[in-house]
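Chemist: Take a look at this one; I'll ask things after.
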Amino acid sequence: MLRHINNNNKIVNLYRTVVKRNYSNSSTTPSPNLLKQTLQNKIVSKQKEMKDLRQTHSNYKIGDITIGSLLGGMRGNSLMYWDGTTLSPTEGIKFKGLTIEQCQDKLPNAKDVFGNISNNNNGKFFLPESMLWLLITGEIPTREQTLSVINLLNNILRQQNGELPPVTETIMNKLPADMHPMTQLSIGITSLSSQSKFSSLYSQGKLGKSEYWSSTFDDSMKLIANLPLLAGKIYSRLHQKKTGPQPLGSINYEMDWAYNISSMLGMTKDSQNIKGLTPKQQSDFVELMRLYTGIHVDHEGGNVSAHSTHLVGSTLADPFLSYSSGINGLAGPLHGLAAQEVVRFLFNLQKKLEKQQQKSNDALGDTDAAITKEIWRLLSNQQVIPGYGHAVLRIFDPRFDAMLNFVKQRPKEFQNDKHVNLMQNLSQIVPDILIKHGKCKNPYPNVDAASGILFYHYGITELMFFTVIFGCSRAIGPLTQLIWDRILGLPIERPKSIDMTTLKSMTK
Ligand SMILES: CC(C)(COP(=O)(O)OP(=O)(O)OC[C@H]1O[C@@H](n2cnc3c(N)ncnc32)[C@H](O)[C@@H]1OP(=O)(O)O)[C@@H](O)C(=O)NCCC(=O)NCCS
């Protein structure tokens with residue numbers, strides 16, 4: 001049986017003993033401008049670092065490009081600059097050098113920021129706002145700094161009266177309600193472009209190159225702030241027939257971004273609570289949202305959503321246009337849409353297993369054999385097993401582990417959920433089969449193997465919607481990088497392509 005060995009545990013425990021969080025208990029409201037000011041103070045030294053690297057080491061060779069890699073989706077070629085996160089095939093994602101576990105240990109969470117807000121032992125996962133601070137400044141934020149980011153995002157929404165800008169509201173209301181939620185999200189983000197400070201100043205000829213970053217920062221924060229409203233709008237339209245056109249919840253200016261996403265989906269006490277969750281389940285759902293949106297922010301620069309944002313952003317398209325390109329990439333089934341495919345796959349598989357059990361009147365004992373048979377059938381039909389494999393990772397995805405731990409910490413809540421049980425069962429069975437099959441380079445579950453089915457458990461039963469939540473989270477990494485791209489003056493991205501004749505002639 002395959003076992004996942006987490007090499008980070010020792011390092012993390014060591015960290016825990018030597019690093020203490022440095023929170024003060026000041027009760028003043030931290031300024032929403034703190035993040036931008038802190039970023040501004042870092043610009044000169046980072047620009048110098050980049051200038052020195054360019055001047056001194058431009059000719060340093062960092063790798064070879066082969067015909068295999070060129071025709072193989074540029075796998076293994078380090079070809080772009082990305083500062084927030086790195087992805088190691090054997091260690092997984094690191095955010096400014098910190099593993100997910102280290103981030104959980106060191107970054108402020110809801111308990112740190114708000115105190116004991118629930119009796120449910122929740123509030124333990126770092127807030128996406130503290131991750132945003134880390135990615136932009138490279139520093140672990142204090143409680144006040146995290147609160148200042150919460151204030152920054154909520155202030156933007158306060159200025160909008162907690163509603164989408166009128167242009168976006170009008171456009172969203174005119175879209176067919178059955179249009180795929182990711183298409184709606186892409187259109188919604190694109191429509192926010194009419195609010196862009198960057199493109200307005202640029203088109204008036206008012207922006208010098210050294211000033212690009214400031215309005216890019218403001219636009220990026222506006223985009224991130226509006227995502228709970230956009231996600232809520234899209235989700236409410238899925239429910240319009242039952243609940244009417246009004247929003248499912250409202251923005252709570254005292255609370256964090258993930259809480260407000262949950263509210264706008266109608267899943268908290270500040271909302272219509274459309275799925276009838278108990279107070280404990282509402283609290284757990286917010287906790288899941290904080291976990292999910294915290295760990296999905298970034299996955300180094302080469303993945304399609306991050307890379308598309310960076311590529312389009314390099315043309316000086318505004319952050320809204322740049323990130324909507326990222327969203328279009330995220331909507332592919334090999335990328336973000338995999339979460340929806342996994343749940344469909346789990347349902348079909350569960351139905352098949354139940355039918356077989358009824359037929360043979362068999363006890364559960366033969367389930368593993370039936371799963372194995374079905375996985376082999378799919379593979380021999382040349383289908384992919386959704387939720388398994390990765391272009392870079394060669395281990396169990398640590399984000400999958402984080403989602404699985406969420407389940408393990410709530411045994412009563414999940415014990416009767418047959419699909420969640422099947423998901424766990426598959427993670428023990430599929431890797432061995434994929435290894436025997438011998439094709440895919442990573443036989444282990446990725447984060448999508450677990451994420452969608454957990455949302456489903458709490459009542460987000462519209463599979464097509466899962467990737468919208470991914471799209472909210474993923475905004476944070478690529479937009480942070482876009483701000484830095486503009487600070488560092490990175491040029492328009494323009495790789496060279498090559499045709500078959502030239503490739504063949506090179507080999508002679
Ligand atoms: C993620 C993914 C797109 C990475 O693709 P990749 O880098 O090309 O993966 P590999 O190099 O391992 O692929 C080698 C072969 O294994 C196959 N393979 C990869 N993952 C597979 C899976 N989950 N099931 C079956 N076959 C798989 C590929 O299709 C490819 O087959 P081919 O040689 O006939 O074209 C791929 O693993 C996949 O399609 N997984 C399922 C979708 C998914 O879970 N996506 C979410 C990613 S976070």
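Naming works like this for the structure tokens: A, B, ... for the chains as they're shown, residue 1 at the start of each chain, ligands 1 onward in shown order.
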Do you know which residues are at most 9 Å from segment 500-503 of chain A counting only C-alpha atoms, after dropping those on the same chain fewer than 3 positions away, and could you put them as a count of residues only?
Modeler: 3
Chemist: Within 9 Å of segment 374-381 of chain A, counting only C-alpha atoms, which residues show up once you throw out same-chain ones fewer than 2 positions away? Write them as a PDB file with N, CA and C atoms, in the first residue's frame, please.
Modeler:
ATOM      1  N   LEU A 349     -19.168   6.508 -10.540  1.00  0.00           N
ATOM      2  CA  LEU A 349     -18.522   5.325  -9.980  1.00  0.00           C
ATOM      3  C   LEU A 349     -19.349   4.767  -8.822  1.00  0.00           C
ATOM      4  N   LYS A 352     -22.374   2.927 -10.097  1.00  0.00           N
ATOM      5  CA  LYS A 352     -21.982   1.627 -10.645  1.00  0.00           C
ATOM      6  C   LYS A 352     -21.720   0.614  -9.544  1.00  0.00           C
ATOM      7  N   ALA A 369     -12.085  -4.299  -5.297  1.00  0.00           N
ATOM      8  CA  ALA A 369     -11.893  -5.019  -6.560  1.00  0.00           C
ATOM      9  C   ALA A 369     -12.736  -4.383  -7.668  1.00  0.00           C
ATOM     10  N   ALA A 370     -13.957  -3.983  -7.317  1.00  0.00           N
ATOM     11  CA  ALA A 370     -14.835  -3.374  -8.325  1.00  0.00           C
ATOM     12  C   ALA A 370     -14.269  -2.021  -8.769  1.00  0.00           C
ATOM     13  N   ILE A 371     -13.709  -1.261  -7.814  1.00  0.00           N
ATOM     14  CA  ILE A 371     -13.104   0.034  -8.177  1.00  0.00           C
ATOM     15  C   ILE A 371     -11.928  -0.205  -9.121  1.00  0.00           C
ATOM     16  N   THR A 372     -11.093  -1.171  -8.747  1.00  0.00           N
ATOM     17  CA  THR A 372      -9.913  -1.463  -9.558  1.00  0.00           C
ATOM     18  C   THR A 372     -10.315  -1.810 -10.989  1.00  0.00           C
ATOM     19  N   GLN A 383      -9.215   7.015 -21.272  1.00  0.00           N
ATOM     20  CA  GLN A 383      -9.729   8.174 -20.539  1.00  0.00           C
ATOM     21  C   GLN A 383      -8.795   8.513 -19.378  1.00  0.00           C
ATOM     22  N   VAL A 384      -8.783   9.807 -19.010  1.00  0.00           N
ATOM     23  CA  VAL A 384      -7.961  10.165 -17.847  1.00  0.00           C
ATOM     24  C   VAL A 384      -8.772   9.970 -16.575  1.00  0.00           C
ATOM     25  N   ILE A 385      -8.080   9.669 -15.503  1.00  0.00           N
ATOM     26  CA  ILE A 385      -8.743   9.571 -14.198  1.00  0.00           C
ATOM     27  C   ILE A 385      -8.675  10.970 -13.593  1.00  0.00           C
ATOM     28  N   VAL A 430      -6.050   4.114  -6.559  1.00  0.00           N
ATOM     29  CA  VAL A 430      -5.701   4.565  -7.920  1.00  0.00           C
ATOM     30  C   VAL A 430      -4.190   4.677  -8.163  1.00  0.00           C
ATOM     31  N   ILE A 433      -2.599   1.574  -9.409  1.00  0.00           N
ATOM     32  CA  ILE A 433      -3.043   1.203 -10.762  1.00  0.00           C
ATOM     33  C   ILE A 433      -2.345   2.077 -11.800  1.00  0.00           C
ATOM     34  N   LEU A 434      -2.279   3.380 -11.513  1.00  0.00           N
ATOM     35  CA  LEU A 434      -1.629   4.274 -12.484  1.00  0.00           C
ATOM     36  C   LEU A 434      -0.138   3.941 -12.628  1.00  0.00           C
ATOM     37  N   HIS A 437      -0.100   0.978 -14.862  1.00  0.00           N
ATOM     38  CA  HIS A 437      -0.463   1.427 -16.202  1.00  0.00           C
ATOM     39  C   HIS A 437       0.755   2.036 -16.903  1.00  0.00           C
TER      40      HIS A 437
END
Chemist: Give the residue list for ligand 1 at 8 Å, counting only C-alpha atoms and all ligand atoms, as an mmCIF file with C-alpha atoms, in the first residue's frame, sorted by chain and then by residue number.
Modeler:
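So selection27.cif came out as:
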data_model
loop_
_atom_site.group_PDB
_atom_site.id
_atom_site.type_symbol
_atom_site.label_atom_id
_atom_site.label_comp_id
_atom_site.auth_asym_id
_atom_site.auth_seq_id
_atom_site.Cartn_x
_atom_site.Cartn_y
_atom_site.Cartn_z
ATOM 1 C CA GLY A 72 5.886 18.608 -24.980
ATOM 2 C CA ARG A 75 7.765 20.846 -19.615
ATOM 3 C CA PRO A 333 -10.976 20.452 -17.841
ATOM 4 C CA LEU A 334 -7.254 19.696 -17.544
ATOM 5 C CA HIS A 335 -6.841 22.711 -15.236
ATOM 6 C CA GLY A 336 -9.440 24.184 -12.845
ATOM 7 C CA LEU A 337 -12.470 22.416 -14.267
ATOM 8 C CA ALA A 338 -11.037 19.103 -13.060
ATOM 9 C CA ALA A 339 -12.814 19.643 -9.698
ATOM 10 C CA VAL A 342 -13.923 14.576 -10.316
ATOM 11 C CA LEU A 379 -7.737 3.562 -18.744
ATOM 12 C CA GLN A 382 -7.961 5.985 -23.084
ATOM 13 C CA GLN A 383 -9.729 8.174 -20.539
ATOM 14 C CA VAL A 384 -7.961 10.165 -17.847
ATOM 15 C CA ILE A 385 -8.743 9.571 -14.198
ATOM 16 C CA PRO A 386 -9.744 13.055 -13.062
ATOM 17 C CA GLY A 387 -8.024 14.359 -9.950
ATOM 18 C CA TYR A 388 -4.874 12.314 -10.549
ATOM 19 C CA GLY A 389 -1.564 13.360 -12.071
ATOM 20 C CA HIS A 390 0.236 16.660 -12.275
ATOM 21 C CA ALA A 391 2.461 18.421 -14.762
ATOM 22 C CA VAL A 392 5.129 19.211 -12.143
ATOM 23 C CA LEU A 434 -1.629 4.274 -12.484
ATOM 24 C CA GLY A 438 2.884 3.156 -16.579
ATOM 25 C CA LYS A 439 1.894 6.218 -18.544
ATOM 26 C CA CYS A 440 1.414 9.196 -16.295
ATOM 27 C CA LYS A 441 4.426 10.628 -14.543
ATOM 28 C CA ASN A 442 2.562 11.373 -11.332
ATOM 29 C CA PRO A 443 0.086 8.687 -10.199
ATOM 30 C CA PRO A 445 -4.092 12.600 -6.283
ATOM 31 C CA ASN A 446 -3.962 16.333 -6.910
ATOM 32 C CA VAL A 447 -6.005 18.894 -5.002
ATOM 33 C CA ASP A 448 -9.012 18.544 -7.314
ATOM 34 C CA ALA A 449 -9.457 14.931 -6.225
#
Chemist: Pick the closest to Asp318 of chain A from A:Lys504, A:Lys51, A:Lys46, A:Lys222: which is it, counting only C-alpha atoms?
Modeler: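 Nearest candidate to Asp318 of chain A out of A:Lys504, A:Lys51, A:Lys46, A:Lys222: A:Lys222.
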Chemist: Could the residues of segment 47-163 of chain A that have an atom at most 10 Å from segment 258-261 of chain A be listed as a tab-separated table, each with its closest atom pair and the distance in Å to one decimal, counting only C-alpha atoms and ordered by chain and ascending residue number?
Modeler:
residue	atom	partner	partner_atom	distance
A:Ala110	CA	A:Tyr259	CA	9.8
A:Leu127	CA	A:Ala258	CA	7.7
A:Pro128	CA	A:Ala258	CA	7.4
A:Glu129	CA	A:Ala258	CA	9.0
A:Asn154	CA	A:Asn260	CA	9.7
Chemist: Please produce a file of the residues just selected, as a compact mmCIF listing (two decimals), in the first residue's frame, where the atoms kept are N, CA and C atoms.
Modeler:
# COMPACT_ATOMS: atom_id res chain seq x y z
N ALA A 110 -8.11 33.31 11.43
CA ALA A 110 -9.28 34.07 11.90
C ALA A 110 -9.28 34.22 13.42
N LEU A 127 -5.66 33.20 6.90
CA LEU A 127 -6.59 33.94 6.05
C LEU A 127 -5.94 34.27 4.71
N PRO A 128 -6.69 34.21 3.63
CA PRO A 128 -6.13 34.61 2.34
C PRO A 128 -5.53 36.02 2.38
N GLU A 129 -6.06 36.88 3.26
CA GLU A 129 -5.51 38.24 3.38
C GLU A 129 -4.08 38.21 3.90
N ASN A 154 -12.52 45.57 2.27
CA ASN A 154 -13.88 45.96 2.67
C ASN A 154 -14.16 47.43 2.39
Chemist: Between atom CA of Asp270 of chain A and atom CA of Gln246 of chain A, what is the distance, to one decimal in Å?
Modeler: 14.0 Å
Chemist: Give the answer as one residue: which of A:Leu132, A:Val149, A:Ile62, A:Met182 has the shortest atom-to-atom distance to Thr293 of chain A, using only C-alpha atoms?
Modeler: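 Result for the nearest residue to Thr293 of chain A: A:Leu132.
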Chemist: In Å, with one decimal, what is the gap from atom CA of Ser69 of chain A to atom CA of Arg394 of chain A?
Modeler: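 We find that atom CA of Ser69 of chain A and atom CA of Arg394 of chain A lie 17.8 Å from each other.
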Chemist: Using only C-alpha atoms, which protein or nucleic acid residues come within 9 Å of segment 213-216 of chain A? Drop anything in the same chain fewer than 3 positions from it, and give the result as a ChimeraX atom specification.
Modeler: /A:36,40,196-199,201,209-210,219-221,318-319,479,482-488
Chemist: Within 9 Å of Gly471 of chain A, counting only C-alpha atoms, which residues qualify if same-chain residues fewer than 2 places away don't, as a PyMOL selection string?
Modeler: chain A and resi 182+185+227+296-297+305+326-327+330-331+336+466-469+473-475
Chemist: Which residue, A:Ile156, A:Leu321, A:Ile234, A:Ile100, has the smallest gap to Asn173 of chain A when you use only C-alpha atoms?
Modeler: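 Going through A:Ile156, A:Leu321, A:Ile234, A:Ile100 one by one, the smallest distance to Asn173 of chain A is for A:Ile234.
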Chemist: May I ask for the distance between atom CA of Gln159 of chain A and atom CA of Asp218 of chain A, given in Å to one decimal place?
Modeler: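 Between these atoms lies a distance of 13.6 Å.
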Chemist: Do you know which residues are at most 8 Å from Ser186 of chain A counting only C-alpha atoms, after dropping those on the same chain fewer than 3 positions away, and could you put them as a list in words?
Modeler: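 In the requested format, the answer is Met182, Thr183, Ile189, Thr190, Ser324, Ser325, Ile327 and Asn328 of chain A.
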Chemist: I'd like the neighbourhood of Pro89 of chain A as a VMD selection string, where a residue qualifies if any of its atoms comes within 7 Å (using only C-alpha atoms), though same-chain residues fewer than 2 positions away should be ignored.
Modeler: chain A and resid 87 91 to 92 392 to 395
Chemist: Could you go through segment 79-165 of chain A and tell me which residues DSSP, when run on the backbone, assigns to strand (DSSP E), listing them as a list in words?
Modeler: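 The residues of segment 79-165 of chain A classed as strand (DSSP E) are Thr85, Thr86, Leu87, Ser88, Gly92, Ile93, Lys94 and Phe95 of chain A.
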